[in-house]
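Structure file query.tsv (TSV, C-alpha atoms) is printed below.
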chain	number	residue	atom	x	y	z
A	5	MET	CA	58.80	-25.98	102.46
A	6	LEU	CA	57.86	-28.92	104.67
A	7	PRO	CA	58.88	-32.39	103.42
A	8	ILE	CA	56.30	-35.15	103.93
A	9	VAL	CA	56.23	-38.81	102.95
A	10	THR	CA	53.17	-40.51	101.44
A	11	GLY	CA	53.61	-44.19	100.67
A	12	SER	CA	57.00	-44.59	99.02
A	13	SER	CA	57.28	-41.02	97.72
A	14	SER	CA	58.14	-37.70	99.32
A	15	VAL	CA	57.11	-34.16	98.44
A	16	GLU	CA	57.70	-30.67	99.85
A	17	LEU	CA	54.64	-28.63	100.74
A	18	GLU	CA	54.70	-24.85	100.86
A	19	THR	CA	53.33	-24.20	104.34
A	20	THR	CA	52.37	-21.14	106.37
A	21	PHE	CA	52.58	-21.31	110.18
A	22	PHE	CA	51.07	-18.87	112.64
A	23	VAL	CA	52.52	-19.58	116.10
A	24	PRO	CA	51.21	-17.99	119.31
A	25	PRO	CA	53.61	-16.60	121.92
A	26	GLY	CA	55.00	-19.02	124.47
A	27	VAL	CA	56.49	-22.48	124.28
A	28	GLY	CA	53.35	-24.61	124.02
A	29	PRO	CA	52.38	-27.26	123.39
A	30	PHE	CA	49.49	-25.60	121.56
A	31	PRO	CA	46.34	-27.11	120.06
A	32	LEU	CA	46.76	-27.43	116.30
A	33	VAL	CA	44.49	-26.11	113.55
A	34	VAL	CA	45.23	-27.20	109.97
A	35	ILE	CA	43.33	-25.21	107.32
A	36	ASN	CA	42.96	-26.92	103.95
A	37	HIS	CA	42.48	-24.65	100.96
A	38	GLY	CA	40.09	-24.94	98.04
A	39	ARG	CA	40.96	-24.56	94.39
A	40	ALA	CA	40.77	-21.56	92.07
A	41	THR	CA	40.16	-21.93	88.35
A	42	GLY	CA	43.05	-22.57	86.00
A	43	ASP	CA	46.41	-24.20	86.64
A	44	PRO	CA	46.78	-24.76	90.43
A	45	ARG	CA	50.54	-24.15	90.14
A	46	PHE	CA	49.72	-20.49	89.62
A	47	ASP	CA	47.52	-20.29	92.73
A	48	PRO	CA	48.92	-17.90	95.35
A	49	ARG	CA	49.98	-19.14	98.77
A	50	VAL	CA	46.87	-19.29	100.96
A	51	ARG	CA	47.12	-17.59	104.35
A	52	HIS	CA	43.51	-17.18	105.52
A	53	LEU	CA	44.49	-14.16	107.59
A	54	VAL	CA	41.03	-13.53	109.06
A	55	ALA	CA	40.36	-17.08	110.22
A	56	SER	CA	43.97	-17.62	111.30
A	57	ARG	CA	43.74	-14.60	113.56
A	58	GLU	CA	40.62	-15.98	115.27
A	59	PHE	CA	42.40	-19.21	116.15
A	60	LEU	CA	45.78	-17.67	116.86
A	61	GLN	CA	44.47	-15.27	119.48
A	62	ARG	CA	42.91	-18.24	121.27
A	63	GLY	CA	46.25	-19.98	121.55
A	64	TYR	CA	46.12	-22.31	118.55
A	65	LEU	CA	49.09	-23.01	116.32
A	66	VAL	CA	47.72	-22.60	112.79
A	67	ALA	CA	49.20	-24.51	109.84
A	68	ILE	CA	48.14	-23.94	106.22
A	69	PRO	CA	49.77	-26.32	103.72
A	70	MET	CA	49.49	-25.97	99.97
A	71	ARG	CA	48.69	-29.47	98.71
A	72	PRO	CA	50.77	-31.13	95.94
A	73	GLY	CA	50.64	-29.27	92.65
A	74	PHE	CA	49.43	-26.01	94.21
A	75	SER	CA	51.54	-22.84	94.27
A	76	LYS	CA	55.17	-23.74	95.12
A	77	SER	CA	54.43	-27.19	96.53
A	78	GLY	CA	55.99	-30.15	94.73
A	79	GLY	CA	54.10	-32.97	93.11
A	80	SER	CA	51.03	-32.62	90.93
A	81	HIS	CA	47.30	-32.23	91.34
A	82	ALA	CA	45.26	-34.91	89.60
A	83	ALA	CA	41.85	-34.14	88.14
A	84	PRO	CA	39.03	-35.92	90.00
A	85	ASN	CA	37.26	-37.19	86.83
A	86	CYS	CA	34.07	-38.73	88.23
A	87	ASN	CA	35.65	-40.64	91.12
A	88	ILE	CA	35.02	-37.95	93.71
A	89	GLU	CA	35.40	-40.30	96.67
A	90	GLY	CA	38.73	-41.63	95.41
A	91	HIS	CA	39.99	-38.13	94.67
A	92	ALA	CA	39.10	-36.93	98.17
A	93	ARG	CA	40.80	-39.93	99.75
A	94	LEU	CA	43.93	-39.23	97.70
A	95	GLN	CA	43.96	-35.64	98.96
A	96	ALA	CA	43.39	-36.98	102.47
A	97	GLU	CA	46.57	-39.06	102.24
A	98	THR	CA	48.57	-35.86	101.86
A	99	ILE	CA	46.79	-34.21	104.79
A	100	ILE	CA	47.39	-37.28	106.99
A	101	ALA	CA	51.10	-37.30	106.07
A	102	PHE	CA	51.23	-33.60	106.89
A	103	LEU	CA	49.57	-34.20	110.27
A	104	ARG	CA	52.03	-36.98	111.09
A	105	GLU	CA	54.91	-34.57	110.46
A	106	VAL	CA	53.52	-31.49	112.20
A	107	ARG	CA	52.32	-33.30	115.32
A	108	LEU	CA	56.00	-34.12	116.03
A	109	ARG	CA	56.75	-30.44	116.64
A	110	PRO	CA	57.47	-29.85	120.34
A	111	ASP	CA	55.11	-26.85	120.34
A	112	VAL	CA	52.13	-28.91	119.08
A	113	ASP	CA	49.75	-30.86	121.32
A	114	PRO	CA	49.20	-34.08	119.30
A	115	ASP	CA	45.99	-34.85	121.20
A	116	ARG	CA	44.21	-31.59	120.31
A	117	ILE	CA	43.87	-31.26	116.54
A	118	LEU	CA	41.18	-29.48	114.51
A	119	LEU	CA	40.89	-29.75	110.73
A	120	VAL	CA	39.29	-26.96	108.72
A	121	GLY	CA	38.61	-27.29	105.02
A	122	GLU	CA	36.94	-25.23	102.32
A	123	ALA	CA	35.53	-26.57	99.05
A	124	GLU	CA	37.91	-29.29	97.78
A	125	GLY	CA	39.85	-28.97	101.05
A	126	GLY	CA	36.58	-29.51	102.94
A	127	ILE	CA	35.72	-32.83	101.35
A	128	ALA	CA	39.35	-33.90	101.78
A	129	ALA	CA	39.08	-33.08	105.50
A	130	MET	CA	35.96	-35.25	105.72
A	131	ALA	CA	37.90	-38.07	104.07
A	132	VAL	CA	40.54	-37.67	106.79
A	133	ALA	CA	37.82	-37.92	109.43
A	134	ALA	CA	36.87	-41.30	107.97
A	135	THR	CA	40.32	-42.64	108.92
A	136	GLY	CA	40.12	-41.75	112.63
A	137	PHE	CA	43.48	-40.01	112.80
A	138	PRO	CA	44.91	-39.99	116.38
A	139	GLY	CA	44.26	-36.74	118.25
A	140	LEU	CA	41.78	-35.39	115.69
A	141	ARG	CA	38.97	-33.83	117.73
A	142	GLY	CA	36.75	-32.36	115.01
A	143	ILE	CA	36.23	-30.96	111.51
A	144	LEU	CA	34.95	-27.60	110.29
A	145	ASN	CA	33.63	-28.24	106.80
A	146	LEU	CA	33.13	-25.02	104.82
A	147	ALA	CA	31.19	-25.77	101.63
A	148	GLY	CA	33.15	-28.98	101.20
A	149	GLY	CA	32.80	-30.63	97.81
A	150	LEU	CA	33.87	-30.42	94.21
A	151	ARG	CA	32.43	-30.66	90.72
A	152	SER	CA	33.66	-32.88	87.96
A	153	SER	CA	33.58	-31.75	84.36
A	154	ALA	CA	34.13	-35.28	83.05
A	155	ALA	CA	31.79	-36.18	80.23
A	156	GLY	CA	28.68	-37.98	81.42
A	157	CYS	CA	29.55	-37.58	85.09
A	158	LEU	CA	26.60	-37.25	87.45
A	159	TRP	CA	28.74	-35.33	89.90
A	160	GLN	CA	25.95	-34.52	92.37
A	161	GLU	CA	25.18	-38.21	92.84
A	162	ALA	CA	28.90	-38.99	93.08
A	163	LEU	CA	29.31	-36.29	95.71
A	164	VAL	CA	26.46	-37.64	97.84
A	165	ALA	CA	27.84	-41.17	97.51
A	166	ALA	CA	31.27	-39.99	98.63
A	167	PHE	CA	29.90	-38.44	101.81
A	168	ALA	CA	27.91	-41.60	102.50
A	169	ALA	CA	31.11	-43.65	102.21
A	170	PHE	CA	32.93	-41.31	104.64
A	171	GLY	CA	30.06	-41.50	107.12
A	172	ARG	CA	30.30	-45.28	107.36
A	173	SER	CA	33.72	-45.17	109.04
A	174	SER	CA	33.90	-41.69	110.57
A	175	THR	CA	33.65	-41.21	114.33
A	176	VAL	CA	34.98	-37.63	114.37
A	177	PRO	CA	32.33	-34.93	114.94
A	178	SER	CA	32.00	-32.26	112.29
A	179	LEU	CA	30.29	-28.91	111.79
A	180	TRP	CA	29.25	-28.00	108.25
A	181	PHE	CA	28.60	-24.53	106.78
A	182	TYR	CA	26.82	-24.15	103.44
A	183	ALA	CA	25.11	-21.04	102.09
A	184	ASN	CA	21.45	-21.15	101.16
A	185	ASP	CA	21.20	-20.96	97.36
A	186	ASP	CA	24.56	-19.22	96.86
A	187	GLY	CA	24.16	-19.40	93.11
A	188	THR	CA	26.96	-21.94	92.61
A	189	SER	CA	25.27	-25.22	93.49
A	190	ASP	CA	21.91	-26.93	93.91
A	191	SER	CA	20.48	-25.55	97.16
A	192	GLN	CA	19.25	-29.06	98.08
A	193	LEU	CA	22.63	-30.69	97.59
A	194	PRO	CA	24.20	-29.84	100.99
A	195	GLY	CA	21.19	-31.35	102.75
A	196	ASP	CA	21.44	-34.47	100.61
A	197	MET	CA	25.14	-34.83	101.43
A	198	TRP	CA	24.52	-34.31	105.14
A	199	ARG	CA	21.69	-36.87	105.25
A	200	ALA	CA	23.79	-39.43	103.38
A	201	PHE	CA	26.70	-38.89	105.78
A	202	SER	CA	24.51	-38.98	108.90
A	203	ASP	CA	22.40	-41.96	107.78
A	204	ALA	CA	25.63	-43.91	107.23
A	205	GLY	CA	26.66	-43.25	110.83
A	206	GLY	CA	28.67	-40.03	110.58
A	207	ARG	CA	28.46	-37.31	113.22
A	208	ALA	CA	27.72	-33.92	111.67
A	209	GLU	CA	25.72	-30.75	112.25
A	210	LEU	CA	24.66	-28.75	109.20
A	211	ILE	CA	24.45	-24.94	109.35
A	212	ARG	CA	22.67	-23.33	106.40
A	213	HIS	CA	23.46	-19.62	106.43
A	214	ALA	CA	22.10	-16.77	104.35
A	215	PRO	CA	24.10	-15.98	101.20
A	216	PHE	CA	27.02	-13.83	102.25
A	217	ALA	CA	27.13	-10.30	100.84
A	218	ALA	CA	30.53	-10.93	99.23
A	219	GLY	CA	29.67	-14.35	97.76
A	220	ASP	CA	29.39	-17.93	98.99
A	221	THR	CA	30.61	-19.77	102.10
A	222	ARG	CA	34.26	-19.51	101.05
A	223	ALA	CA	33.97	-15.73	100.70
A	224	MET	CA	32.29	-15.62	104.11
A	225	PHE	CA	35.19	-17.51	105.69
A	226	ALA	CA	37.73	-15.12	104.14
A	227	SER	CA	35.98	-11.88	105.11
A	228	PRO	CA	36.26	-9.98	108.41
A	229	GLN	CA	32.50	-9.46	108.25
A	230	GLY	CA	32.01	-13.22	107.93
A	231	VAL	CA	33.40	-13.97	111.39
A	232	ALA	CA	30.03	-13.08	112.92
A	233	VAL	CA	28.46	-15.80	110.75
A	234	TRP	CA	30.78	-18.76	111.29
A	235	TRP	CA	32.48	-18.14	114.63
A	236	PRO	CA	29.54	-18.37	117.15
A	237	ASP	CA	28.57	-21.89	116.05
A	238	SER	CA	32.22	-22.85	115.74
A	239	GLU	CA	32.90	-21.61	119.27
A	240	ARG	CA	30.06	-23.77	120.60
A	241	PHE	CA	31.36	-26.75	118.61
A	242	LEU	CA	34.93	-26.31	119.89
A	243	HIS	CA	33.66	-26.19	123.47
A	244	GLU	CA	31.71	-29.42	122.90
A	245	ILE	CA	34.78	-31.29	121.61
A	246	GLY	CA	37.06	-30.02	124.38
A	247	LEU	CA	39.06	-27.39	122.51
A	248	PRO	CA	39.75	-23.88	123.86
A	249	THR	CA	37.71	-20.82	122.90
A	250	ALA	CA	38.89	-18.07	125.28
A	251	VAL	CA	40.83	-15.15	123.79
A	252	LEU	CA	44.34	-15.17	125.30
A	253	PHE	CA	45.99	-12.24	123.53
A	254	SER	CA	45.47	-9.80	120.69
A	255	PRO	CA	47.72	-10.36	117.66
A	256	GLY	CA	49.48	-7.25	116.47
A	257	SER	CA	48.09	-5.41	113.49
A	258	THR	CA	50.05	-4.44	110.41
A	259	PRO	CA	51.87	-1.14	111.14
A	260	LYS	CA	50.45	1.82	109.26
A	261	PRO	CA	53.05	3.41	106.94
A	262	LYS	CA	53.68	7.11	107.20
A	263	ARG	CA	51.98	9.53	104.88
A	264	THR	CA	54.30	10.23	101.95
A	265	GLY	CA	52.67	13.10	100.10
A	266	TYR	CA	53.09	11.23	96.82
A	267	ALA	CA	49.75	12.56	95.55
A	268	ASP	CA	46.41	13.88	96.69
A	269	LEU	CA	44.17	11.12	98.02
A	270	SER	CA	41.45	11.88	95.46
A	271	ASP	CA	43.80	11.94	92.44
A	272	SER	CA	43.07	8.55	90.89
A	273	ASP	CA	45.24	9.39	87.87
A	274	ALA	CA	48.31	9.43	90.11
A	275	LEU	CA	48.20	5.69	90.85
A	276	PRO	CA	50.98	3.92	88.91
A	277	TYR	CA	50.55	0.74	86.86
A	278	LEU	CA	46.73	0.81	86.79
A	279	ASP	CA	44.34	0.84	83.85
A	280	ASP	CA	41.14	2.89	83.77
A	281	ARG	CA	38.98	0.10	85.20
A	282	ARG	CA	41.16	-0.27	88.28
A	283	ARG	CA	41.30	3.48	88.75
A	284	GLU	CA	37.53	3.29	88.95
A	285	PHE	CA	37.91	0.63	91.67
A	286	TYR	CA	40.06	3.11	93.57
A	287	ARG	CA	37.41	5.84	93.24
A	288	ARG	CA	34.85	3.43	94.68
A	289	PHE	CA	37.26	2.57	97.48
A	290	LEU	CA	37.37	6.26	98.46
A	291	ALA	CA	33.64	6.11	99.22
A	292	LEU	CA	34.11	3.34	101.82
A	293	PRO	CA	34.07	4.20	105.54
A	294	LEU	CA	37.19	3.97	107.71
A	295	PRO	CA	39.22	1.92	108.48
A	296	ARG	CA	40.29	0.97	104.98
A	297	ALA	CA	43.35	0.21	102.87
A	298	PHE	CA	44.16	-0.04	99.15
A	299	ALA	CA	47.12	-1.96	97.70
A	300	ILE	CA	48.58	-2.18	94.19
A	301	ALA	CA	51.01	-4.42	92.30
A	302	THR	CA	53.36	-3.72	89.41
A	303	THR	CA	51.22	-6.14	87.39
A	304	GLY	CA	48.38	-3.64	87.46
A	305	ASN	CA	46.27	-5.65	89.92
A	306	VAL	CA	44.77	-4.14	93.05
A	307	GLY	CA	43.27	-5.22	96.35
A	308	TRP	CA	41.43	-3.38	99.08
A	309	ALA	CA	39.73	-4.01	102.41
A	310	GLN	CA	37.45	-2.11	104.76
A	311	GLY	CA	36.80	-2.81	108.42
A	312	GLY	CA	37.88	-5.92	110.25
A	313	THR	CA	40.77	-6.37	112.64
A	314	ASP	CA	43.56	-5.66	110.14
A	315	PRO	CA	42.41	-4.07	106.86
A	316	LEU	CA	46.02	-3.36	105.84
A	317	ALA	CA	46.95	-7.04	105.90
A	318	ALA	CA	43.65	-7.97	104.23
A	319	ALA	CA	44.20	-5.47	101.40
A	320	LEU	CA	47.70	-6.80	100.75
A	321	ASP	CA	46.44	-10.37	100.84
A	322	ASN	CA	43.59	-9.62	98.43
A	323	CYS	CA	45.98	-7.87	96.06
A	324	GLU	CA	48.55	-10.67	96.13
A	325	ARG	CA	45.85	-13.26	95.46
A	326	ALA	CA	44.90	-11.37	92.30
A	327	ALA	CA	48.41	-10.48	91.16
A	328	ARG	CA	50.28	-13.63	92.21
A	329	HIS	CA	52.98	-11.09	92.91
A	330	SER	CA	54.02	-8.90	95.85
A	331	CYS	CA	51.93	-5.79	96.49
A	332	SER	CA	52.40	-2.50	98.34
A	333	LEU	CA	49.98	-0.25	100.13
A	334	TYR	CA	48.97	2.88	98.24
A	335	ALA	CA	46.40	4.44	100.59
A	336	VAL	CA	45.39	3.82	104.20
A	337	ASP	CA	42.31	5.56	105.61
A	338	ASP	CA	42.60	9.16	104.32
A	339	GLU	CA	46.33	9.18	103.54
A	340	VAL	CA	48.47	8.21	100.57
A	341	VAL	CA	51.34	6.04	101.83
A	342	TRP	CA	52.86	4.97	98.50
A	343	GLN	CA	56.63	4.83	98.89
A	344	LEU	CA	57.97	3.22	95.73
A	345	ALA	CA	59.94	5.62	93.53
A	346	ASP	CA	59.82	3.56	90.32
A	347	THR	CA	56.61	4.56	88.58
A	348	SER	CA	57.96	4.30	85.06
A	349	ARG	CA	56.57	0.83	84.27
A	350	PRO	CA	53.71	1.00	81.74
A	351	VAL	CA	50.11	0.30	82.68
A	352	ALA	CA	49.30	-3.41	82.58
A	353	THR	CA	46.84	-4.12	79.77
A	354	ASP	CA	46.58	-7.88	80.33
A	355	PRO	CA	46.86	-8.57	84.07
A	356	LEU	CA	47.39	-12.11	85.26
A	357	ARG	CA	44.15	-12.23	87.18
A	358	GLU	CA	41.16	-10.07	87.91
A	359	PRO	CA	40.94	-8.49	91.39

Please go through the file and, once you have read it, give me the structure as C-alpha cells.
Amino acid sequence: MLPIVTGSSSVELETTFFVPPGVGPFPLVVINHGRATGDPRFDPRVRHLVASREFLQRGYLVAIPMRPGFSKSGGSHAAPNCNIEGHARLQAETIIAFLREVRLRPDVDPDRILLVGEAEGGIAAMAVAATGFPGLRGILNLAGGLRSSAAGCLWQEALVAAFAAFGRSSTVPSLWFYANDDGTSDSQLPGDMWRAFSDAGGRAELIRHAPFAAGDTRAMFASPQGVAVWWPDSERFLHEIGLPTAVLFSPGSTPKPKRTGYADLSDSDALPYLDDRRREFYRRFLALPLPRAFAIATTGNVGWAQGGTDPLAAALDNCERAARHSCSLYAVDDEVVWQLADTSRPVATDPLREP
C-alpha cells in the first residue's frame, strides 16, 4: 500500500513490485491497468505476470499500481461521462504522483522510465506523456482508450479529440498496439486517433496486429503466446529511446508441487467445489499439450494455462482474476497435485465471476 499525494489529498495505492537481483539503480517500468466491467473495487490486483517477466529479466524494476477506487486502493474511480480528455488527465494525475514517489527509491533510475498502459490505463499514460514528466523516455500504448455510456455522447469523436489534445503538448515518443477489427471497436478508430495525435505534433508509431486468438490487444498482452506479437516491435522501440533490451537473467519459475494421488487425472468428478460446466472446462484442459496447469478456488471458479514460461503462475493468476479469491493448483502436466484436505464445501452455484 503505497501512499501518494495528489493536490491537497493523499491516497494509498495497492501496488505490486517486481525487483531484479542486485542493488540498482534499475530502469523503471510502470504498467497501468485497464478496467473490467462492474464495480472496480471488486477488481483483482493486477500483476501482468507475462509482461512483467519480459521486463524483469532485462533488468527493469516493474511497478503495477491499482489506481484509486480499484481493488484495495483507496479513493474512488469517477465515471468519465463524455469528457474523455478530462477523465484521462485526472487518471494521469495519479500516475504522475505515483512516479514522483517511486522515482525516489534508491534502486530506481529516475532518468530511465517507461510507461505501459492498456485500455483506460493506455489513454491515461498518453495523458502523462502530454505533461513531459522528467525521466520519461517512452510510452507503450496497448489499445488505449475508453467508451462512455453517457446519454448522447459521441464517444468516438471525444476519444479522437482527446488524443489530438495530448499530441499538442507531448514530446515523448510512443508505440501503439491495436488489433485489426477485434470485434470491440470501430476498426478505423485507432487510425483516426493516431492521425489526430500525430497531426497535432505527437510522436507515435501505430502497429495494427491481427486479432489475437484469445481476444483483443489486452488479451494478447496478457498471454504467453502474445509475447511474439508485441515484444519484437517493443524491443526495437526501447533500443531507439535508449532503454535496455538484453536478457540479463532468467526469473525462477513457480515450483511444481509433488503429486498427491488425490484422484486419477481423468476423474473430473473428483474436483471439489466445481459445477458441471467447470468440470467440462477441466476435461477440455486435459486435451491440451504440455506444459499445462489447472487451478481451482473454493468459490467454484477455475483458471488454467498452457505453454509459456510459467504456466503454473499463469493458471493461478487466471483463476484468482475470476474468483477474486486465492486459488490452488489442482493438476500440473499429467499429475494431480491437489493438497487441500477440506473438500466438504458445497459446489458453488453462483460464482462471483466467470472464468

Legend entry - Which of A:Thr221, A:Ser56, A:Asn305, A:Thr98 sits closest to Ala128 of chain A [using all atoms listed in the file]: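 That would be A:Thr98, the residue with the smallest distance to Ala128 of chain A.
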
Legend entry - Two-atom distance - atom CA of Asp337 of chain A, atom CA of Gly311 of chain A (Å):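 Computed distance, atom CA of Asp337 of chain A to atom CA of Gly311 of chain A, equals 10.4 Å.
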
Inset, instruction - Would you mind telling me which residue in A:Asp43, A:Glu284, A:Glu97, A:Glu244 lies nearest to Pro177 of chain A when using all atoms listed in the file? - result: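 When distances to Pro177 of chain A are compared using all atoms listed in the file, the smallest one comes from A:Glu244.
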
Enclose all atoms of segment 120-123 of chain A listed in the file in an axis-aligned box, grow every side by 3 Å, and hand back centre and edge lengths in Å to one decimal, as lines of an AutoDock Vina configuration file.
center_x = 37.4
center_y = -26.3
center_z = 103.9
size_x = 9.8
size_y = 8.1
size_z = 15.7

Inset, instruction - Using only C-alpha atoms, collect all residues at a distance of at most 9 Å from (60.8, -31.3, 107.5) as written in the file, then present them as a list in words. - result: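 Those within range, by chain then number, are Met5, Leu6, Pro7, Ile8, Glu16, Glu105 and Val106 of chain A.
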
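You can rank A:Ala326, A:Val9, A:Val341, A:Ala250 by their closest distance to Asp47 of chain A using only C-alpha atoms, and at the top of that list sits A:Ala326.
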
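Of the residues under consideration (A:Asn85, A:Thr19, A:Ser13, A:Thr135), A:Thr19 shows the shortest atom-to-atom contact distance to Val66 of chain A when counting all atoms listed in the file.
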
Inset, instruction - May I have the residues within 10 Å of Arg151 of chain A as an NGL selection string, using only C-alpha atoms and disregarding those fewer than 3 positions away in the same chain? - result: :A and (84-86 or 88 or 123-124 or 154 or 157-160 or 162-163 or 189)

Output file for the selection above: C-alpha atoms, as a PDB file, keeping the file's coordinate frame:
ATOM      1  CA  PRO A  84      39.030 -35.920  90.000  1.00  0.00           C
ATOM      2  CA  ASN A  85      37.260 -37.190  86.830  1.00  0.00           C
ATOM      3  CA  CYS A  86      34.070 -38.730  88.230  1.00  0.00           C
ATOM      4  CA  ILE A  88      35.020 -37.950  93.710  1.00  0.00           C
ATOM      5  CA  ALA A 123      35.530 -26.570  99.050  1.00  0.00           C
ATOM      6  CA  GLU A 124      37.910 -29.290  97.780  1.00  0.00           C
ATOM      7  CA  ALA A 154      34.130 -35.280  83.050  1.00  0.00           C
ATOM      8  CA  CYS A 157      29.550 -37.580  85.090  1.00  0.00           C
ATOM      9  CA  LEU A 158      26.600 -37.250  87.450  1.00  0.00           C
ATOM     10  CA  TRP A 159      28.740 -35.330  89.900  1.00  0.00           C
ATOM     11  CA  GLN A 160      25.950 -34.520  92.370  1.00  0.00           C
ATOM     12  CA  ALA A 162      28.900 -38.990  93.080  1.00  0.00           C
ATOM     13  CA  LEU A 163      29.310 -36.290  95.710  1.00  0.00           C
ATOM     14  CA  SER A 189      25.270 -25.220  93.490  1.00  0.00           C
TER      15      SER A 189
END

Legend entry - Between atom CA of Pro110 of chain A and atom CA of Glu239 of chain A - distance in Å to one decimal: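 Rounded to one decimal, the two atoms are 25.9 Å apart.
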
Inset, instruction - Write out as JSON, numbers by chain the residues lying within 9 Å of Gly79 of chain A, counting all atoms listed in the file and excluding same-chain residues fewer than 3 positions away. - result: {"A": [14, 15, 16, 17, 71, 72, 73, 74]}

Save the residues we just selected, C-alpha atoms, as a PDB file, keeping the file's coordinate frame?
ATOM      1  CA  SER A  14      58.140 -37.700  99.320  1.00  0.00           C
ATOM      2  CA  VAL A  15      57.110 -34.160  98.440  1.00  0.00           C
ATOM      3  CA  GLU A  16      57.700 -30.670  99.850  1.00  0.00           C
ATOM      4  CA  LEU A  17      54.640 -28.630 100.740  1.00  0.00           C
ATOM      5  CA  ARG A  71      48.690 -29.470  98.710  1.00  0.00           C
ATOM      6  CA  PRO A  72      50.770 -31.130  95.940  1.00  0.00           C
ATOM      7  CA  GLY A  73      50.640 -29.270  92.650  1.00  0.00           C
ATOM      8  CA  PHE A  74      49.430 -26.010  94.210  1.00  0.00           C
TER       9      PHE A  74
END

Inset, instruction - Rank nothing, just name the residue among A:Gly312, A:Pro295, A:Gly307, A:Gly205 nearest to Val336 of chain A, using all atoms listed in the file. - result: A:Pro295

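The nearest approach to Lys76 of chain A among the residues A:Arg57, A:Arg45, A:His91, A:Arg281, with all atoms listed in the file taken into account, belongs to A:Arg45.
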
Inset, instruction - Kindly give the distance, in Å, that separates atom CA of Ile127 of chain A and atom CA of Phe241 of chain A, rounded to a single decimal. - result: 18.8 Å

Legend entry - Polymer residues at most 7 Å from Phe298 of chain A, all atoms listed in the file, same-chain spacing of 4 or more positions, as a list of chain:residue names: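 These residues fall inside the cut-off: A:Gly307, A:Trp308, A:Ala309, A:Ala319, A:Leu333, A:Tyr334, A:Ala335, A:Val336.
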
Inset, instruction - Just the residues within 8 Å of segment 258-267 of chain A, please, counting all atoms listed in the file, with nothing from its chain fewer than 4 positions along; format it as a PyMOL selection string. - result: chain A and resi 271+274+314+316-317+336+339-343
